[in-house]
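Next comes structure_14.cif, a file with mmCIF, C-alpha atoms and all ligand atoms.
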```
data_input
loop_
_atom_site.label_atom_id
_atom_site.label_comp_id
_atom_site.auth_asym_id
_atom_site.auth_seq_id
_atom_site.Cartn_x
_atom_site.Cartn_y
_atom_site.Cartn_z
CA MET E 1 0.00 0.00 0.00
CA LYS E 2 2.84 2.35 0.98
CA PHE E 3 4.66 1.44 -2.23
CA ARG E 4 1.55 2.09 -4.27
CA SER E 5 0.90 5.54 -2.86
CA ASN E 6 4.56 6.42 -3.40
CA LEU E 7 4.18 5.33 -6.99
CA ILE E 8 1.07 7.45 -7.43
CA LEU E 9 2.89 10.39 -5.85
CA ALA E 10 5.84 9.89 -8.20
CA MET E 11 3.55 9.73 -11.22
CA LEU E 12 1.73 12.84 -10.06
CA SER E 13 4.92 14.85 -9.65
CA ALA E 14 6.17 13.62 -13.02
CA SER E 15 3.02 14.82 -14.74
CA ILE E 16 3.20 18.16 -12.94
CA ILE E 17 6.80 18.58 -14.13
CA ILE E 18 5.75 17.74 -17.71
CA TRP E 19 2.83 20.14 -17.47
CA LEU E 20 5.07 22.91 -16.13
CA GLY E 21 7.57 22.25 -18.92
CA ALA E 22 4.86 22.63 -21.53
CA ALA E 23 3.42 25.72 -19.87
CA GLN E 24 6.79 27.42 -19.73
CA CYS E 25 7.59 26.99 -23.38
CA SER E 26 6.30 29.98 -25.16
CA VAL E 27 7.92 30.08 -28.57
CA VAL E 28 5.40 30.95 -31.27
CA ILE E 29 5.40 31.61 -35.00
CA ASN E 30 5.06 35.36 -34.72
CA GLU E 31 5.29 36.82 -38.22
CA VAL E 32 5.12 35.45 -41.75
CA GLU E 33 6.20 37.23 -44.93
CA ALA E 34 5.17 34.94 -47.78
CA ASN E 35 5.07 37.62 -50.47
CA PRO E 36 7.78 40.28 -50.20
CA ALA E 37 7.98 43.02 -52.81
CA GLY E 38 9.33 41.68 -56.10
CA ASP E 39 8.60 39.01 -58.66
CA GLU E 40 9.25 35.54 -57.23
CA ASN E 41 9.08 34.05 -60.73
CA ALA E 42 11.95 36.14 -62.08
CA PHE E 43 15.14 34.31 -63.03
CA LYS E 44 17.83 34.33 -60.30
CA THR E 45 15.66 36.35 -57.99
CA SER E 46 17.26 37.56 -54.77
CA ILE E 47 13.90 37.73 -53.01
CA THR E 48 13.54 35.71 -49.85
CA ALA E 49 10.40 34.93 -47.99
CA TRP E 50 10.82 34.56 -44.23
CA PHE E 51 9.15 33.79 -40.96
CA GLU E 52 9.87 35.01 -37.46
CA LEU E 53 9.62 33.17 -34.17
CA TYR E 54 9.11 34.95 -30.86
CA ASN E 55 9.92 33.82 -27.33
CA ASP E 56 7.24 35.19 -25.06
CA ASN E 57 9.14 34.19 -21.91
CA ASP E 58 12.22 35.73 -20.28
CA LYS E 59 14.15 32.44 -20.40
CA ASP E 60 16.27 31.42 -23.41
CA VAL E 61 15.00 28.41 -25.36
CA ASP E 62 17.24 26.04 -27.33
CA ILE E 63 15.43 25.56 -30.63
CA SER E 64 18.10 23.34 -32.25
CA GLY E 65 16.43 20.64 -34.29
CA TRP E 66 12.99 22.23 -34.08
CA SER E 67 11.15 22.20 -37.39
CA ILE E 68 8.64 24.24 -39.27
CA ILE E 69 6.22 22.52 -41.61
CA ASN E 70 4.35 24.28 -44.41
CA SER E 71 0.92 23.58 -45.85
CA GLU E 72 2.44 21.25 -48.47
CA GLY E 73 3.87 19.12 -45.66
CA ARG E 74 7.46 20.16 -46.36
CA SER E 75 9.59 20.75 -43.32
CA MET E 76 12.65 22.78 -42.56
CA THR E 77 14.83 22.08 -39.55
CA LEU E 78 16.36 24.83 -37.43
CA PRO E 79 20.17 24.56 -37.23
CA GLN E 80 22.17 23.14 -34.33
CA GLY E 81 23.00 25.88 -31.84
CA ALA E 82 19.89 27.91 -32.64
CA ILE E 83 18.81 29.69 -29.49
CA ILE E 84 16.01 32.14 -29.08
CA LYS E 85 16.74 34.47 -26.20
CA GLY E 86 14.12 35.48 -23.69
CA LEU E 87 11.63 38.00 -25.15
CA ASP E 88 13.55 37.93 -28.42
CA TYR E 89 13.01 37.01 -32.06
CA TYR E 90 14.50 34.51 -34.49
CA VAL E 91 14.15 35.05 -38.23
CA MET E 92 14.61 32.37 -40.84
CA ASP E 93 14.80 33.09 -44.56
CA VAL E 94 13.30 30.60 -46.97
CA ARG E 95 13.47 30.39 -50.75
CA PRO E 96 10.82 32.28 -52.72
CA LYS E 97 7.42 30.57 -52.70
CA TRP E 98 8.38 28.04 -49.97
CA LEU E 99 5.64 29.81 -48.07
CA ALA E 100 2.33 29.58 -49.94
CA GLN E 101 0.99 33.02 -50.75
CA THR E 102 -2.55 31.72 -50.48
CA GLY E 103 -3.87 29.61 -47.63
CA GLU E 104 -0.61 28.96 -45.79
CA VAL E 105 -0.63 27.31 -42.37
CA LEU E 106 2.69 26.84 -40.60
CA VAL E 107 3.26 24.39 -37.79
CA LEU E 108 6.18 24.57 -35.35
CA LYS E 109 7.45 21.36 -33.75
CA ASN E 110 10.14 20.86 -31.14
CA ALA E 111 13.07 18.48 -31.54
CA ALA E 112 10.92 15.64 -30.17
CA GLY E 113 8.34 16.27 -32.89
CA GLU E 114 5.71 17.70 -30.56
CA GLU E 115 3.60 20.53 -31.93
CA MET E 116 4.46 23.80 -30.19
CA ASP E 117 2.46 26.26 -32.26
CA ARG E 118 0.54 26.71 -35.49
CA THR E 119 -0.66 29.73 -37.41
CA VAL E 120 -4.15 30.45 -38.59
CA VAL E 121 -4.71 30.27 -42.37
CA LEU E 122 -2.69 33.12 -43.88
CA SER E 123 -2.89 34.61 -47.38
CA ASP E 124 -0.61 37.37 -48.64
CA GLU E 125 -1.50 38.26 -52.20
CA GLU E 126 -0.06 41.75 -51.96
CA ASP E 127 3.38 42.04 -53.47
CA ASN E 128 4.80 44.38 -50.82
CA GLU E 129 6.33 44.68 -47.37
CA ILE E 130 3.11 44.00 -45.52
CA ALA E 131 3.15 40.77 -43.54
CA TRP E 132 1.00 38.76 -41.14
CA THR E 133 2.00 39.23 -37.52
CA ARG E 134 0.67 38.40 -34.11
CA ASP E 135 -0.35 41.71 -32.59
CA PRO E 136 0.84 42.36 -29.96
CA ASP E 137 3.88 40.09 -30.43
CA GLY E 138 3.32 36.62 -29.05
CA ARG E 139 -0.46 36.99 -28.70
CA ASP E 140 -1.80 33.44 -28.83
CA THR E 141 -5.44 32.85 -28.04
CA ASN E 142 -5.90 30.38 -30.94
CA SER E 143 -8.04 32.93 -32.72
CA THR E 144 -7.80 34.71 -36.07
CA ASP E 145 -7.94 37.94 -34.01
CA ASP E 146 -4.37 37.22 -32.88
CA TRP E 147 -3.15 38.11 -36.38
CA LYS E 148 -2.95 41.42 -38.25
CA PHE E 149 -1.68 42.32 -41.73
CA LEU E 150 0.82 45.09 -40.96
CA ALA E 151 4.02 46.72 -42.20
CA CYS E 152 6.65 44.04 -41.64
CA SER E 153 8.73 44.09 -38.47
CA ARG E 154 11.40 41.55 -39.29
CA GLY E 155 13.35 40.58 -36.15
CA PHE E 156 11.62 43.01 -33.82
CA CA A 201 6.40 39.04 -54.28
CA CA A 202 4.04 40.79 -48.13
CA CA A 203 8.05 41.07 -36.00
#
```
Produce structure tokens that represent the structure in this file.
Amino acid sequence: MKFRSNLILAMLSASIIIWLGAAQCSVVINEVEANPAGDENAFKTSITAWFELYNDNDKDVDISGWSIINSEGRSMTLPQGAIIKGLDYYVMDVRPKWLAQTGEVLVLKNAAGEEMDRTVVLSDEEDNEIAWTRDPDGRDTNSTDDWKFLACSRGF
């Protein structure tokens, strides 16, 4: 009986630790520029689309091996040594059109493959420096109201 209650206690504390770990992680996909100014179809274009992550907590998070998956199911892995500092941003450039300009949904997974965040459905058919961003930064209520189409704020 004693053993059993100890076991229950151990399981309880383990689940609390897991729950706390999940609650503390606050990295979100914060801004998406799928259609920067310029013609993505032009030969040897220097245009890059990009997305920005934001850490809504004051503790640094190691995002090595995390991945971002686009609406076509293609994934991109964040490099070893990638760290997002507390209350800071991390921008990743992607090749033109890797982000769908219509109906894109991005999913962020940690190195263990667990989903950490996802965007709402985003469409950017305007060929300019206006991008979808959470407003204010990091706002995450799982609602389309979290997102606004504003002048881009890459890395800040
Ligand atoms: Ca464009
Ligand atoms: Ca744009
Ligand atoms: Ca920004």
Could the residues of chain E that have an atom at most 8 Å from ligand CA 202 (chain A) be listed as CSV, each with its closest atom pair and the distance in Å to one decimal, counting only C-alpha atoms and all ligand atoms and ordered by chain and ascending residue number?
```
residue,atom,partner,partner_atom,distance
E:Glu33,CA,A:CA202,CA,5.3
E:Ala34,CA,A:CA202,CA,6.0
E:Asn35,CA,A:CA202,CA,4.1
E:Pro36,CA,A:CA202,CA,4.3
E:Ala37,CA,A:CA202,CA,6.5
E:Asp124,CA,A:CA202,CA,5.8
E:Glu125,CA,A:CA202,CA,7.3
E:Glu126,CA,A:CA202,CA,5.7
E:Asp127,CA,A:CA202,CA,5.5
E:Asn128,CA,A:CA202,CA,4.5
E:Glu129,CA,A:CA202,CA,4.6
E:Ile130,CA,A:CA202,CA,4.2
E:Ala131,CA,A:CA202,CA,4.7
E:Trp132,CA,A:CA202,CA,7.9
E:Cys152,CA,A:CA202,CA,7.7
```
key: Contacts of ligand CA 203 (chain A), 7 Å or closer, all atoms listed in the file, given as a PyMOL selection string   = chain E and resi 30-31+52+133+152-156
task = Fewer than 6 positions away in the same chain doesn't count, so skip those; otherwise give me all residues within 10 Å of E:Asp117, counting all atoms listed in the file, as an MDAnalysis selection string.
result = chainID E and resid 26:30 68 106:110 140 142
Output the selection as a JSON list (two decimals), keeping the file's coordinate frame - C-alpha atoms for each residue.
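As a result, part.json now contains:
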```json
[["chain", "number", "residue", "atom", "x", "y", "z"],
["E", 26, "SER", "CA", 6.30, 29.98, -25.16],
["E", 27, "VAL", "CA", 7.92, 30.08, -28.57],
["E", 28, "VAL", "CA", 5.40, 30.95, -31.27],
["E", 29, "ILE", "CA", 5.40, 31.61, -35.00],
["E", 30, "ASN", "CA", 5.06, 35.36, -34.72],
["E", 68, "ILE", "CA", 8.64, 24.24, -39.27],
["E", 106, "LEU", "CA", 2.69, 26.84, -40.60],
["E", 107, "VAL", "CA", 3.26, 24.39, -37.79],
["E", 108, "LEU", "CA", 6.18, 24.57, -35.35],
["E", 109, "LYS", "CA", 7.45, 21.36, -33.75],
["E", 110, "ASN", "CA", 10.14, 20.86, -31.14],
["E", 140, "ASP", "CA", -1.80, 33.44, -28.83],
["E", 142, "ASN", "CA", -5.90, 30.38, -30.94]]
```
task = Have a look at E:Val105, E:Ala112, E:Val91, E:Ile84 and name the one nearest to E:Gly65; count only C-alpha atoms.
result = E:Ala112
Using all atoms listed in the file: which of E:Asp146, E:Glu40, E:Asp62, E:Glu114 has the shortest distance to ligand CA 201 (chain A) = E:Glu40
ask   = To one decimal place, how far is atom CA of E:Asp135 from atom CA of E:Gly103 in Å?
value =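 The value is 19.6 Å.
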Subset file: stretch 30-48 of chain E, N, CA and C atoms, as an mmCIF file, in the first residue's frame:
```cif
data_model
loop_
_atom_site.group_PDB
_atom_site.id
_atom_site.type_symbol
_atom_site.label_atom_id
_atom_site.label_comp_id
_atom_site.auth_asym_id
_atom_site.auth_seq_id
_atom_site.Cartn_x
_atom_site.Cartn_y
_atom_site.Cartn_z
ATOM 1 N N ASN E 30 5.549 34.028 -35.057
ATOM 2 C CA ASN E 30 5.058 35.363 -34.723
ATOM 3 C C ASN E 30 4.760 36.234 -35.936
ATOM 4 N N GLU E 31 5.501 35.993 -37.026
ATOM 5 C CA GLU E 31 5.294 36.820 -38.222
ATOM 6 C C GLU E 31 5.655 36.003 -39.450
ATOM 7 N N VAL E 32 4.900 36.213 -40.517
ATOM 8 C CA VAL E 32 5.123 35.452 -41.748
ATOM 9 C C VAL E 32 5.071 36.399 -42.943
ATOM 10 N N GLU E 33 6.179 36.451 -43.693
ATOM 11 C CA GLU E 33 6.200 37.234 -44.935
ATOM 12 C C GLU E 33 6.329 36.259 -46.095
ATOM 13 N N ALA E 34 5.185 35.915 -46.690
ATOM 14 C CA ALA E 34 5.173 34.942 -47.781
ATOM 15 C C ALA E 34 5.317 35.616 -49.136
ATOM 16 N N ASN E 35 5.050 36.913 -49.176
ATOM 17 C CA ASN E 35 5.067 37.620 -50.468
ATOM 18 C C ASN E 35 5.728 38.985 -50.328
ATOM 19 N N PRO E 36 7.068 38.994 -50.253
ATOM 20 C CA PRO E 36 7.776 40.276 -50.200
ATOM 21 C C PRO E 36 7.709 40.976 -51.557
ATOM 22 N N ALA E 37 8.007 42.262 -51.560
ATOM 23 C CA ALA E 37 7.977 43.015 -52.809
ATOM 24 C C ALA E 37 8.929 42.402 -53.827
ATOM 25 N N GLY E 38 8.483 42.237 -55.048
ATOM 26 C CA GLY E 38 9.334 41.680 -56.101
ATOM 27 C C GLY E 38 8.704 40.435 -56.706
ATOM 28 N N ASP E 39 9.174 40.113 -57.899
ATOM 29 C CA ASP E 39 8.598 39.005 -58.657
ATOM 30 C C ASP E 39 9.323 37.699 -58.343
ATOM 31 N N GLU E 40 8.665 36.823 -57.622
ATOM 32 C CA GLU E 40 9.250 35.543 -57.226
ATOM 33 C C GLU E 40 9.536 34.639 -58.424
ATOM 34 N N ASN E 41 8.893 34.911 -59.561
ATOM 35 C CA ASN E 41 9.081 34.051 -60.729
ATOM 36 C C ASN E 41 10.251 34.486 -61.604
ATOM 37 N N ALA E 42 10.846 35.640 -61.262
ATOM 38 C CA ALA E 42 11.950 36.140 -62.080
ATOM 39 C C ALA E 42 13.167 35.232 -61.952
ATOM 40 N N PHE E 43 13.941 35.148 -63.018
ATOM 41 C CA PHE E 43 15.141 34.311 -63.032
ATOM 42 C C PHE E 43 16.172 34.853 -62.047
ATOM 43 N N LYS E 44 16.797 33.962 -61.280
ATOM 44 C CA LYS E 44 17.828 34.334 -60.298
ATOM 45 C C LYS E 44 17.377 35.451 -59.364
ATOM 46 N N THR E 45 16.176 35.333 -58.888
ATOM 47 C CA THR E 45 15.660 36.354 -57.990
ATOM 48 C C THR E 45 16.405 36.334 -56.658
ATOM 49 N N SER E 46 16.587 37.500 -56.069
ATOM 50 C CA SER E 46 17.255 37.563 -54.768
ATOM 51 C C SER E 46 16.223 37.700 -53.641
ATOM 52 N N ILE E 47 14.962 37.561 -54.007
ATOM 53 C CA ILE E 47 13.900 37.734 -53.006
ATOM 54 C C ILE E 47 13.872 36.533 -52.064
ATOM 55 N N THR E 48 13.730 36.807 -50.788
ATOM 56 C CA THR E 48 13.544 35.709 -49.847
ATOM 57 C C THR E 48 12.278 35.947 -49.042
#
```
